[in-house]
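K.L.:
Hey, dropping run_4.cif in here, mmCIF, C-alpha atoms and all ligand atoms:
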```
data_final
loop_
_atom_site.label_atom_id
_atom_site.label_comp_id
_atom_site.auth_asym_id
_atom_site.auth_seq_id
_atom_site.Cartn_x
_atom_site.Cartn_y
_atom_site.Cartn_z
CA MET A 1 5.91 43.58 5.10
CA LEU A 2 6.38 40.35 6.97
CA LEU A 3 3.28 39.01 8.58
CA SER A 4 3.66 37.05 11.75
CA ARG A 5 2.24 33.54 11.45
CA PRO A 6 -0.48 32.71 13.94
CA SER A 7 0.47 29.86 16.18
CA SER A 8 -1.35 26.76 15.08
CA THR A 9 -1.71 23.15 15.99
CA ILE A 10 -1.69 20.62 13.20
CA VAL A 11 -4.27 17.94 13.80
CA LEU A 12 -4.38 14.94 11.52
CA ILE A 13 -7.99 13.96 11.12
CA MET A 14 -8.49 10.33 10.19
CA HIS A 15 -12.13 9.47 9.93
CA PRO A 16 -13.24 6.28 11.63
CA ARG A 17 -13.47 3.28 9.31
CA ARG A 18 -16.80 2.96 7.55
CA LYS A 19 -18.76 -0.02 8.85
CA THR A 20 -19.04 -2.77 6.26
CA ARG A 21 -19.99 -6.43 6.12
CA LYS A 22 -17.14 -8.86 6.60
CA VAL A 23 -16.18 -11.60 4.16
CA PHE A 24 -13.39 -14.13 4.45
CA VAL A 25 -10.90 -14.83 1.70
CA GLY A 26 -9.48 -18.05 3.07
CA SER A 27 -8.17 -17.01 6.48
CA VAL A 28 -7.98 -13.30 5.61
CA PRO A 29 -11.01 -11.18 6.57
CA ILE A 30 -12.03 -8.20 4.44
CA GLY A 31 -14.35 -5.56 5.89
CA GLY A 32 -15.95 -5.17 9.27
CA ASP A 33 -13.29 -4.60 11.91
CA ALA A 34 -10.56 -6.36 9.91
CA PRO A 35 -7.35 -4.45 9.19
CA ILE A 36 -7.08 -3.16 5.63
CA SER A 37 -5.48 -5.94 3.63
CA ILE A 38 -3.01 -5.63 0.75
CA GLN A 39 -3.58 -7.41 -2.52
CA SER A 40 -1.54 -7.80 -5.66
CA MET A 41 -1.63 -9.83 -8.83
CA THR A 42 0.95 -12.11 -10.37
CA SER A 43 2.44 -11.18 -13.73
CA THR A 44 3.37 -14.79 -14.56
CA TYR A 45 1.47 -17.28 -16.68
CA THR A 46 -0.60 -19.09 -14.06
CA ARG A 47 -0.12 -22.38 -15.90
CA ASP A 48 3.60 -22.08 -15.00
CA VAL A 49 3.24 -23.33 -11.45
CA ASP A 50 6.86 -22.87 -10.33
CA ASP A 51 7.12 -19.33 -11.66
CA THR A 52 3.76 -18.35 -10.22
CA VAL A 53 4.46 -19.85 -6.78
CA ARG A 54 7.86 -18.09 -6.76
CA GLN A 55 6.21 -14.75 -7.39
CA ILE A 56 3.40 -15.37 -4.88
CA ARG A 57 6.05 -16.08 -2.23
CA GLU A 58 7.93 -12.89 -3.12
CA LEU A 59 4.70 -10.91 -2.80
CA ALA A 60 3.84 -12.54 0.53
CA THR A 61 7.34 -11.83 1.86
CA ALA A 62 6.92 -8.17 0.85
CA GLY A 63 3.70 -7.98 2.92
CA CYS A 64 0.95 -9.02 0.52
CA ASP A 65 -2.06 -10.63 2.23
CA ILE A 66 -3.98 -11.92 -0.80
CA VAL A 67 -2.72 -12.68 -4.33
CA ARG A 68 -4.80 -12.74 -7.51
CA VAL A 69 -3.94 -14.82 -10.54
CA ALA A 70 -5.36 -14.64 -14.05
CA VAL A 71 -7.06 -17.78 -15.38
CA PRO A 72 -7.76 -17.09 -19.06
CA ASP A 73 -7.30 -20.72 -20.08
CA GLN A 74 -8.12 -24.17 -18.76
CA ARG A 75 -4.39 -24.81 -18.45
CA ASP A 76 -4.39 -22.03 -15.84
CA THR A 77 -7.24 -23.42 -13.75
CA LYS A 78 -5.59 -26.86 -13.91
CA ALA A 79 -2.51 -25.35 -12.28
CA LEU A 80 -4.51 -23.88 -9.39
CA PRO A 81 -4.52 -26.87 -6.99
CA ALA A 82 -0.70 -27.05 -7.02
CA ILE A 83 -0.41 -23.27 -6.64
CA ILE A 84 -2.93 -23.10 -3.79
CA GLU A 85 -1.20 -25.95 -1.98
CA GLN A 86 2.15 -24.14 -2.05
CA SER A 87 0.89 -20.59 -1.53
CA PRO A 88 1.41 -18.94 1.87
CA VAL A 89 -1.56 -16.59 1.22
CA PRO A 90 -5.12 -16.98 -0.12
CA ILE A 91 -5.52 -17.01 -3.90
CA VAL A 92 -8.10 -15.12 -5.99
CA ALA A 93 -8.95 -16.26 -9.52
CA ASP A 94 -9.46 -13.45 -11.99
CA VAL A 95 -12.16 -14.51 -14.44
CA HIS A 96 -13.23 -12.70 -17.57
CA PHE A 97 -15.86 -13.86 -20.06
CA HIS A 98 -15.64 -17.63 -19.46
CA PHE A 99 -17.81 -18.73 -16.56
CA GLU A 100 -16.34 -22.25 -16.90
CA ARG A 101 -13.01 -20.87 -15.63
CA ALA A 102 -14.80 -19.64 -12.51
CA LEU A 103 -16.37 -23.05 -11.90
CA GLU A 104 -13.01 -24.80 -12.44
CA ALA A 105 -11.25 -22.36 -10.12
CA ILE A 106 -13.87 -22.85 -7.38
CA GLU A 107 -13.54 -26.61 -7.78
CA ALA A 108 -9.74 -26.22 -7.50
CA GLY A 109 -10.16 -24.59 -4.08
CA VAL A 110 -9.56 -20.94 -4.89
CA HIS A 111 -10.40 -18.54 -2.03
CA LYS A 112 -12.14 -15.80 -3.98
CA ILE A 113 -13.35 -15.04 -7.49
CA ARG A 114 -13.10 -11.74 -9.28
CA LEU A 115 -15.90 -11.67 -11.81
CA ASN A 116 -18.21 -9.19 -13.45
CA PRO A 117 -21.64 -10.54 -14.35
CA GLY A 118 -21.59 -8.13 -17.30
CA ASN A 119 -18.69 -10.09 -18.81
CA ILE A 120 -20.58 -13.39 -18.72
CA ALA A 121 -22.84 -14.15 -21.64
CA ASP A 122 -26.02 -15.27 -19.87
CA ARG A 123 -27.71 -15.04 -16.50
CA LYS A 124 -27.92 -18.82 -16.07
CA SER A 125 -24.13 -19.09 -16.16
CA VAL A 126 -23.77 -16.31 -13.61
CA ASP A 127 -26.25 -18.07 -11.33
CA ARG A 128 -24.22 -21.30 -11.60
CA VAL A 129 -21.04 -19.49 -10.52
CA ILE A 130 -22.83 -17.84 -7.61
CA ALA A 131 -24.28 -21.19 -6.51
CA ALA A 132 -20.82 -22.81 -6.63
CA CYS A 133 -19.35 -19.95 -4.58
CA ARG A 134 -22.14 -20.23 -2.01
CA ASP A 135 -21.59 -23.99 -1.67
CA ARG A 136 -17.86 -23.48 -1.05
CA GLY A 137 -18.04 -20.27 1.01
CA VAL A 138 -16.08 -18.39 -1.67
CA PRO A 139 -16.65 -14.61 -1.91
CA ILE A 140 -16.85 -12.74 -5.21
CA ARG A 141 -15.38 -9.36 -6.06
CA VAL A 142 -17.57 -7.42 -8.42
CA GLY A 143 -16.15 -4.34 -10.03
CA VAL A 144 -16.95 -1.61 -12.44
CA ASN A 145 -14.49 0.70 -14.01
CA GLU A 146 -14.87 3.75 -16.13
CA GLY A 147 -13.84 1.90 -19.27
CA SER A 148 -16.09 -1.11 -18.78
CA VAL A 149 -19.28 0.80 -18.07
CA VAL A 150 -18.82 2.86 -21.21
CA GLU A 151 -17.82 -0.20 -23.28
CA ARG A 152 -21.00 -1.99 -22.27
CA GLY A 153 -22.92 0.12 -24.76
CA ASP A 154 -24.16 2.50 -22.12
CA LYS A 155 -22.97 5.55 -23.97
CA ASP A 156 -26.51 6.77 -24.54
CA VAL A 157 -27.38 6.29 -20.88
CA ARG A 158 -24.21 8.03 -19.89
CA ALA A 159 -24.92 10.97 -22.17
CA ALA A 160 -28.45 11.29 -20.79
CA GLN A 161 -27.18 11.15 -17.21
CA GLN A 162 -24.47 13.69 -17.93
CA GLN A 163 -27.09 16.02 -19.25
CA ALA A 164 -29.40 15.39 -16.33
CA MET A 165 -26.66 15.81 -13.73
CA GLY A 166 -24.90 18.71 -15.43
CA GLY A 167 -21.44 17.20 -15.54
CA GLU A 168 -19.50 14.36 -17.12
CA ALA A 169 -17.96 13.05 -13.89
CA ASP A 170 -21.27 13.05 -11.99
CA GLY A 171 -22.99 11.20 -14.81
CA LEU A 172 -20.26 8.63 -15.03
CA ILE A 173 -20.21 8.03 -11.28
CA GLN A 174 -23.97 7.60 -11.24
CA LEU A 175 -23.62 5.12 -14.09
CA MET A 176 -20.95 3.15 -12.19
CA VAL A 177 -23.20 2.98 -9.11
CA ASP A 178 -26.17 1.94 -11.27
CA VAL A 179 -24.21 -0.86 -12.93
CA LEU A 180 -23.03 -2.12 -9.54
CA GLU A 181 -26.62 -2.04 -8.35
CA GLN A 182 -27.71 -4.14 -11.35
CA TYR A 183 -25.00 -6.69 -10.53
CA LEU A 184 -25.90 -6.73 -6.85
CA ARG A 185 -29.53 -7.41 -7.68
CA ILE A 186 -28.41 -10.67 -9.31
CA PHE A 187 -26.48 -11.64 -6.18
CA ASP A 188 -29.40 -10.67 -3.97
CA GLU A 189 -31.80 -12.78 -6.03
CA ASN A 190 -29.41 -15.67 -5.41
CA ASN A 191 -29.36 -14.82 -1.70
CA PHE A 192 -25.58 -14.40 -1.91
CA HIS A 193 -23.98 -11.59 0.06
CA ASP A 194 -20.27 -12.45 0.29
CA VAL A 195 -19.43 -9.68 -2.11
CA VAL A 196 -16.61 -7.14 -2.32
CA LEU A 197 -17.06 -4.12 -4.57
CA SER A 198 -14.68 -2.01 -6.62
CA ALA A 199 -15.20 1.08 -8.79
CA LYS A 200 -11.99 1.94 -10.58
CA SER A 201 -10.77 4.56 -13.01
CA ILE A 202 -7.43 5.89 -14.20
CA ASP A 203 -8.44 9.30 -12.88
CA ALA A 204 -7.60 9.79 -9.19
CA THR A 205 -10.36 12.34 -8.56
CA LEU A 206 -12.92 10.12 -10.25
CA VAL A 207 -11.77 7.18 -8.13
CA ILE A 208 -12.28 9.24 -4.97
CA ASP A 209 -15.74 10.41 -6.00
CA ALA A 210 -16.81 6.99 -7.29
CA TYR A 211 -15.84 5.15 -4.11
CA ARG A 212 -17.48 7.83 -1.97
CA ALA A 213 -20.69 7.34 -3.93
CA VAL A 214 -20.45 3.55 -3.67
CA ALA A 215 -19.71 3.80 0.07
CA ASP A 216 -22.78 5.98 0.52
CA ARG A 217 -24.99 3.52 -1.34
CA PHE A 218 -23.82 0.04 -0.22
CA ASP A 219 -22.44 -1.57 2.93
CA PHE A 220 -20.33 -4.20 1.16
CA PRO A 221 -16.57 -4.07 1.78
CA LEU A 222 -14.62 -2.08 -0.79
CA HIS A 223 -11.54 -3.07 -2.78
CA LEU A 224 -9.74 0.20 -3.60
CA GLY A 225 -7.65 0.68 -6.70
CA VAL A 226 -6.67 3.03 -9.49
CA THR A 227 -6.70 1.09 -12.72
CA HIS A 228 -3.95 1.26 -15.34
CA ALA A 229 -1.99 3.64 -13.16
CA GLY A 230 1.14 3.30 -15.31
CA PRO A 231 4.74 2.91 -14.19
CA PRO A 232 5.57 3.56 -10.53
CA GLU A 233 7.14 6.93 -11.35
CA THR A 234 3.74 8.38 -12.30
CA GLY A 235 1.27 5.77 -11.11
CA ARG A 236 2.54 6.07 -7.55
CA ILE A 237 1.33 9.65 -7.11
CA ARG A 238 -2.01 8.95 -8.75
CA SER A 239 -2.58 5.84 -6.62
CA ILE A 240 -1.50 7.33 -3.32
CA ALA A 241 -3.54 10.49 -3.91
CA ALA A 242 -6.71 8.47 -4.51
CA LEU A 243 -6.26 5.59 -2.07
CA GLY A 244 -4.70 7.72 0.67
CA SER A 245 -7.55 10.24 0.49
CA LEU A 246 -10.20 7.54 0.63
CA MET A 247 -8.60 5.71 3.54
CA ALA A 248 -8.21 8.98 5.44
CA MET A 249 -11.99 9.32 4.99
CA GLY A 250 -12.42 5.85 6.49
CA ILE A 251 -13.30 4.27 3.13
CA GLY A 252 -11.64 1.07 1.95
CA ASP A 253 -11.22 -2.45 3.29
CA THR A 254 -8.60 -3.90 0.98
CA ILE A 255 -6.27 -2.19 -1.50
CA ARG A 256 -4.38 -2.97 -4.62
CA ILE A 257 -1.89 -0.54 -6.07
CA SER A 258 -1.29 -1.55 -9.68
CA TYR A 259 1.77 -0.60 -11.71
CA ALA A 260 3.31 -1.57 -15.00
CA ALA A 261 6.24 -3.05 -13.03
CA ASP A 262 7.28 -5.89 -10.76
CA PRO A 263 4.21 -6.41 -8.50
CA VAL A 264 6.49 -6.52 -5.45
CA VAL A 265 6.80 -2.73 -5.86
CA GLU A 266 3.00 -2.48 -5.62
CA VAL A 267 3.05 -4.29 -2.30
CA GLU A 268 5.95 -2.25 -0.92
CA ASP A 269 4.12 0.97 -1.76
CA ALA A 270 0.78 -0.28 -0.42
CA LYS A 271 2.47 -1.28 2.84
CA GLU A 272 4.21 2.08 3.17
CA LEU A 273 0.93 3.87 2.49
CA LEU A 274 -0.88 1.93 5.22
CA CYS A 275 1.99 2.45 7.68
CA SER A 276 2.13 6.17 6.88
CA LEU A 277 -1.57 6.52 7.64
CA GLY A 278 -1.19 4.54 10.88
CA LEU A 279 -3.39 1.76 9.47
CA ARG A 280 -0.75 -0.95 9.74
CA ASN A 281 2.04 -1.41 12.24
CA ARG A 282 5.54 -1.26 10.88
CA THR A 283 7.53 -4.43 11.21
CA GLU A 284 10.78 -3.17 9.72
CA PRO A 285 12.98 -0.09 10.15
CA GLU A 286 11.58 3.23 9.01
CA LEU A 287 14.20 5.26 7.19
CA ILE A 288 14.05 9.02 7.27
CA ALA A 289 16.61 11.23 5.57
CA CYS A 290 17.17 14.89 4.96
CA PRO A 291 16.46 16.19 1.47
CA THR A 292 20.02 17.65 1.25
CA CYS A 293 20.83 21.29 0.67
CA GLY A 294 23.77 23.61 0.18
CA ARG A 295 25.25 22.61 3.56
CA ILE A 296 25.80 19.02 2.49
CA GLU A 297 29.36 17.67 2.63
CA ILE A 298 28.91 14.05 1.64
CA ASP A 299 27.12 12.04 -1.02
CA LEU A 300 24.04 11.61 1.14
CA ILE A 301 21.85 10.15 -1.57
CA ARG A 302 24.27 7.26 -2.08
CA LEU A 303 24.59 6.84 1.69
CA VAL A 304 20.80 6.65 2.11
CA ALA A 305 20.58 3.97 -0.60
CA ASP A 306 23.38 2.02 1.10
CA VAL A 307 21.71 2.32 4.51
CA ARG A 308 18.39 1.16 3.05
CA ARG A 309 19.99 -1.96 1.61
CA LYS A 310 22.01 -2.59 4.78
CA LEU A 311 18.97 -2.42 7.07
CA GLU A 312 17.01 -4.97 5.05
CA GLY A 313 16.41 -8.01 7.19
CA ILE A 314 16.08 -6.18 10.51
CA LYS A 315 12.62 -7.03 11.81
CA THR A 316 12.16 -4.30 14.39
CA PRO A 317 10.48 -0.99 13.42
CA VAL A 318 13.41 1.18 14.52
CA LYS A 319 13.28 4.72 13.15
CA VAL A 320 16.64 5.46 11.54
CA ALA A 321 17.64 8.95 10.38
CA VAL A 322 20.38 9.78 7.90
CA MET A 323 21.08 13.49 7.96
CA GLY A 324 23.46 15.55 5.91
CA CYS A 325 24.86 17.91 8.52
CA VAL A 326 25.15 18.49 12.19
CA VAL A 327 23.73 22.01 12.07
CA ASN A 328 20.06 21.36 11.38
CA GLY A 329 20.14 17.59 11.23
CA PRO A 330 19.51 16.98 14.94
CA GLY A 331 16.37 19.10 14.94
CA GLU A 332 15.15 17.56 11.73
CA ALA A 333 15.82 14.01 12.94
CA GLU A 334 13.62 14.51 15.99
CA GLY A 335 11.93 11.28 16.95
CA ALA A 336 14.53 8.99 15.39
CA ASP A 337 15.80 6.05 17.45
CA VAL A 338 19.15 5.89 15.70
CA ALA A 339 20.57 8.79 13.70
CA VAL A 340 23.73 9.63 11.86
CA PHE A 341 24.74 13.21 11.18
CA ALA A 342 27.18 13.01 8.33
CA GLY A 343 29.71 15.62 7.43
CA LYS A 344 32.93 15.94 5.57
CA GLY A 345 35.01 12.94 6.51
CA ARG A 346 33.06 11.92 9.61
CA GLY A 347 29.68 10.94 10.98
CA VAL A 348 28.24 11.29 14.47
CA ILE A 349 25.85 8.56 15.58
CA TYR A 350 23.10 9.09 18.12
CA VAL A 351 20.86 6.56 19.79
CA GLN A 352 17.65 7.98 21.26
CA GLY A 353 19.15 11.40 21.64
CA GLU A 354 22.47 10.31 23.13
CA GLN A 355 25.67 10.67 21.16
CA GLN A 356 27.33 7.26 20.86
CA ARG A 357 30.14 7.47 18.37
CA SER A 358 31.97 9.67 15.93
CA VAL A 359 33.39 7.62 13.10
CA SER A 360 35.19 8.16 9.84
CA GLU A 361 33.13 8.36 6.68
CA ASP A 362 34.37 4.92 5.63
CA ASP A 363 33.08 3.35 8.85
CA MET A 364 29.82 5.27 8.99
CA LEU A 365 27.61 2.69 7.28
CA ASP A 366 28.84 -0.25 9.35
CA ALA A 367 28.72 1.75 12.59
CA LEU A 368 25.15 2.89 11.93
CA TYR A 369 24.17 -0.69 11.16
CA GLU A 370 25.82 -1.99 14.34
CA GLU A 371 24.10 0.61 16.49
CA THR A 372 20.74 -0.14 14.83
CA VAL A 373 21.11 -3.89 15.34
CA ALA A 374 22.19 -3.39 18.97
CA PHE A 375 19.27 -1.03 19.63
CA ALA A 376 16.79 -3.39 17.94
CA ALA A 377 18.06 -6.24 20.13
CA ARG A 378 17.52 -4.11 23.25
CA VAL A 379 13.97 -3.32 22.07
CA GLU A 380 13.29 -7.01 21.50
CA ARG A 381 14.59 -7.80 25.02
CA GLY A 382 12.24 -5.15 26.43
CA GLU A 383 15.08 -3.01 27.78
CA VAL A 384 14.09 0.11 25.80
CA SER A 385 11.03 1.35 23.94
CA LEU A 386 10.86 2.66 20.43
CA SER A 387 10.84 6.41 20.10
CA ASN A 388 7.89 8.53 19.30
CA ARG A 389 7.61 12.09 18.18
CA THR A 390 8.37 13.45 21.61
CA VAL A 391 11.98 12.28 21.61
CA THR A 392 14.27 15.20 21.00
CA ILE A 393 17.91 15.16 20.02
CA ALA A 394 19.81 18.02 21.58
CA PRO A 395 22.08 19.50 18.94
CA PRO A 396 25.77 19.32 19.78
CA ASP A 397 27.67 22.53 20.15
CA PRO A 398 30.02 22.46 17.21
CA LEU A 399 32.75 24.98 16.59
CA PRO A 400 32.26 26.29 13.08
CA ARG A 401 35.20 26.72 10.76
CA SER A 402 35.88 30.14 9.34
CA ASP A 403 33.95 29.16 6.20
CA GLY A 404 30.89 28.25 8.27
CA SER A 405 31.16 24.46 7.88
CA ILE A 406 31.22 22.24 10.93
CA PRO A 407 34.33 20.20 11.77
CA LEU A 408 32.76 16.97 12.95
CA THR A 409 36.12 15.72 14.15
CA VAL A 410 35.57 17.74 17.34
CA TYR A 411 33.59 14.74 18.58
CA LYS A 412 35.52 12.01 20.23
CA THR A 413 35.00 8.36 19.51
S1 LIG B 1 20.15 18.17 7.59
FE1 LIG B 1 21.66 19.73 7.01
S2 LIG B 1 22.28 19.15 4.92
FE2 LIG B 1 20.37 18.05 5.34
S3 LIG B 1 18.80 19.41 4.53
FE3 LIG B 1 18.97 19.85 6.72
S4 LIG B 1 20.41 21.58 6.77
FE4 LIG B 1 20.64 20.65 4.72
#
```
So, in terms of structure tokens, how does the structure I just supplied come out?
P.N.:
Amino acid sequence: MLLSRPSSTIVLIMHPRRKTRKVFVGSVPIGGDAPISIQSMTSTYTRDVDDTVRQIRELATAGCDIVRVAVPDQRDTKALPAIIEQSPVPIVADVHFHFERALEAIEAGVHKIRLNPGNIADRKSVDRVIAACRDRGVPIRVGVNEGSVVERGDKDVRAAQQQAMGGEADGLIQLMVDVLEQYLRIFDENNFHDVVLSAKSIDATLVIDAYRAVADRFDFPLHLGVTHAGPPETGRIRSIAALGSLMAMGIGDTIRISYAADPVVEVEDAKELLCSLGLRNRTEPELIACPTCGRIEIDLIRLVADVRRKLEGIKTPVKVAVMGCVVNGPGEAEGADVAVFAGKGRGVIYVQGEQQRSVSEDDMLDALYEETVAFAARVERGEVSLSNRTVTIAPPDPLPRSDGSIPLTVYKT
């Protein structure tokens, strides 16, 4: 028996942003009312100034707001002044174990330090780094991750907490919060509060629970991330599940998606995630495309890839739809500013619901590009507004062939 579906309204509930303190990384604010910023990390040797600056510029062009560089060696901190001078975005120095690297990086003019007091041998050295950061107005990101809290010899504590709390995840999360609290006590004793916190894991559900617990406990801004997420093919889902869920709950002030890949991909995905959640305005075209089905009459997947490449460089957030047929495509492309409905041999191009052209398959890509550029120019001149979800595209009235397919050539150019 078929059950009728009750009519329903889908309401997207985005929680308001959690209120946090605000810190400044150079000119970029994190926390408070600041937009959620995107971070990434270079994969170059920092001591190679040209290579590192090249990658920082690529990341900035892709939409990265803050870039972190590793400084394992003095040769790396020596390169920092030249890198900072040429960088279009603030630079964070990633310090592990050697507090001298932190002092050298601060002296070099770095905009933020990522450091865990637990990785530094003695308290006096940590205090020196904090004092240097305070003198220069440099914030510090303090993080725990699942691996590090267990590696710190806290296995006994963890086991006891697991037992007390009746579950491994709960015990681990409590341990992560406790370790952060220990670190924060050191900062508090130094009267230093320009701190950003992170609590990472490779497990998406643990990341969600850990950040929720940290957000409940502290009012410092949070740097969200899933650590060691893997290649984009698998790490993408894990990262988006965790970071998207947290941001929908209003948690998170800056994000880094980390992949075993070119870091530009991290930034592209982070930007798309923020745009998809309405947390960042698009500045470039948004491409939507049908998933294809048995009605398809062209190589739509290749066409979508070609359109994506072709639209690169347009700096207006025009919504462009590439659809595989004229039967359902118009309904499915609802809200698009510019749309092509492709069929065997021809494509029909619409601009904000009005049919503009019917072109041969060979001309489809160029025609769609021309219409998109022309529409974007009209938007920039203030002659038209970008679409929203209320724009509808009335389907044409095609005459089906005897086999059910639609002869797109019925449309005149
Ligand atoms: S637009 Fe047409 S070809 Fe594409 S999925 Fe929908 S029905 Fe199938």
K.L.:
List as a PyMOL selection string the protein and nucleic acid residues lying within 12 Å of ligand LIG 1 (chain B), with all atoms listed in the file counted.
P.N.:
chain A and resi 288-301+304+321-334+339-344+395+405-406
K.L.:
What separation in Å, quoted to one decimal, exists between atom CA of A:Tyr211 and atom CA of A:Asp33?
P.N.:
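Calculated distance between atom CA of A:Tyr211 and atom CA of A:Asp33 is 18.9 Å.
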K.L.:
Quick one: of A:Val126, A:Leu175, A:Ile251, A:Leu59, who's nearest to A:Glu189, counting all atoms listed in the file?
P.N.:
A:Val126
K.L.:
In Å, with one decimal, what is the gap from atom CA of A:Gly345 to atom CA of A:Ser358?
P.N.:
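Atom-to-atom, atom CA of A:Gly345 to atom CA of A:Ser358, that is 10.4 Å.
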K.L.:
Contacts of A:Arg17 at 8 Å or less, counting all atoms listed in the file, minus same-chain residues fewer than 6 places along, as a ChimeraX atom specification?
P.N.:
/A:247,249-252
K.L.:
Which residue, A:Leu303, A:Val53, A:Val338, A:Ile36, has the smallest gap to A:Asp363 when you use all atoms listed in the file?
P.N.:
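When distances to A:Asp363 are compared using all atoms listed in the file, the smallest one comes from A:Leu303.
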K.L.:
To one decimal place in Å, what is the distance between atom CA of A:Arg18 and atom CA of A:Ala215?
P.N.:
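Rounded to one decimal, the two atoms are 8.1 Å apart.
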K.L.:
Find the residue from A:Lys315, A:Arg236, A:Arg136, A:Arg308 that sits nearest to A:Leu368; use all atoms listed in the file when measuring.
P.N.:
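Checking each candidate against A:Leu368, we get A:Arg308 as the closest.
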K.L.:
Using all atoms listed in the file, can you tell me which of A:Arg75, A:His193, A:Arg302, A:His228 comes closest to A:Lys22?
P.N.:
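For A:Lys22, the nearest of the given residues is A:His193.
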K.L.:
Write out as a list in words each polymer residue whose atoms come within 7 Å of A:Val226, counting all atoms listed in the file; drop sequence neighbours fewer than 6 positions from it.
P.N.:
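Surrounding residues, per the criterion: Lys200, Ser201, Ile202, Ala204, Val207, Ser239 and Ile257 of chain A.
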K.L.:
Find, counting only C-alpha atoms, the residue in A:Ile83, A:Val214, A:Val89, A:Ile106 that gets nearest to A:Thr20.
P.N.:
A:Val214
K.L.:
For A:Thr52, work out the shell of residues within 9 Å, counting only C-alpha atoms and skipping chain neighbours fewer than 5 positions away, then give it as a PDB file with C-alpha atoms, in the frame of the given file.
P.N.:
```pdb
ATOM      1  CA  THR A  42       0.950 -12.110 -10.370  1.00  0.00           C
ATOM      2  CA  SER A  43       2.440 -11.180 -13.730  1.00  0.00           C
ATOM      3  CA  THR A  44       3.370 -14.790 -14.560  1.00  0.00           C
ATOM      4  CA  TYR A  45       1.470 -17.280 -16.680  1.00  0.00           C
ATOM      5  CA  THR A  46      -0.600 -19.090 -14.060  1.00  0.00           C
ATOM      6  CA  ARG A  47      -0.120 -22.380 -15.900  1.00  0.00           C
ATOM      7  CA  ARG A  57       6.050 -16.080  -2.230  1.00  0.00           C
ATOM      8  CA  VAL A  69      -3.940 -14.820 -10.540  1.00  0.00           C
ATOM      9  CA  ILE A  83      -0.410 -23.270  -6.640  1.00  0.00           C
TER      10      ILE A  83
END
```
K.L.:
Skip A:Gln182 itself and residues of its chain fewer than 4 positions away, then list as a list in words all residues within 12 Å of it, counting only C-alpha atoms.
P.N.:
Asn116, Pro117, Gly118, Val142, Gly143, Val144, Val149, Leu175, Met176, Val177, Asp178, Ile186, Phe187, Asp188 and Glu189 of chain A
K.L.:
For a quick check of understanding, using all atoms listed in the file, which of A:Asp76, A:Arg123, A:Glu85, A:Arg282 has the smallest distance to A:Glu104?
P.N.:
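For A:Glu104, the nearest of the given residues is A:Asp76.
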K.L.:
Pick out the residues sitting within 12 Å of A:Glu272, and hand them over as a list in words; count only C-alpha atoms, and ignore anything fewer than 6 positions along from it in its own chain.
P.N.:
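In the requested form, the answer reads Ile38, Ala62, Gly63, Cys64, Arg236, Ile240, Gly244, Ile257, Val265, Glu266, Gly278, Leu279, Arg280, Asn281, Arg282, Thr283, Glu284, Pro285, Glu286 and Leu287 of chain A.
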K.L.:
Padding of 5 Å on every side, edges along x, y and z, all listed atoms of stretch 306-315 of chain A included: what centre and edge lengths in Å, to one decimal, does that box have, as JSON?
P.N.:
```
{"center_x": 18.0, "center_y": -2.8, "center_z": 6.5, "size_x": 20.8, "size_y": 20.3, "size_z": 20.7}
```
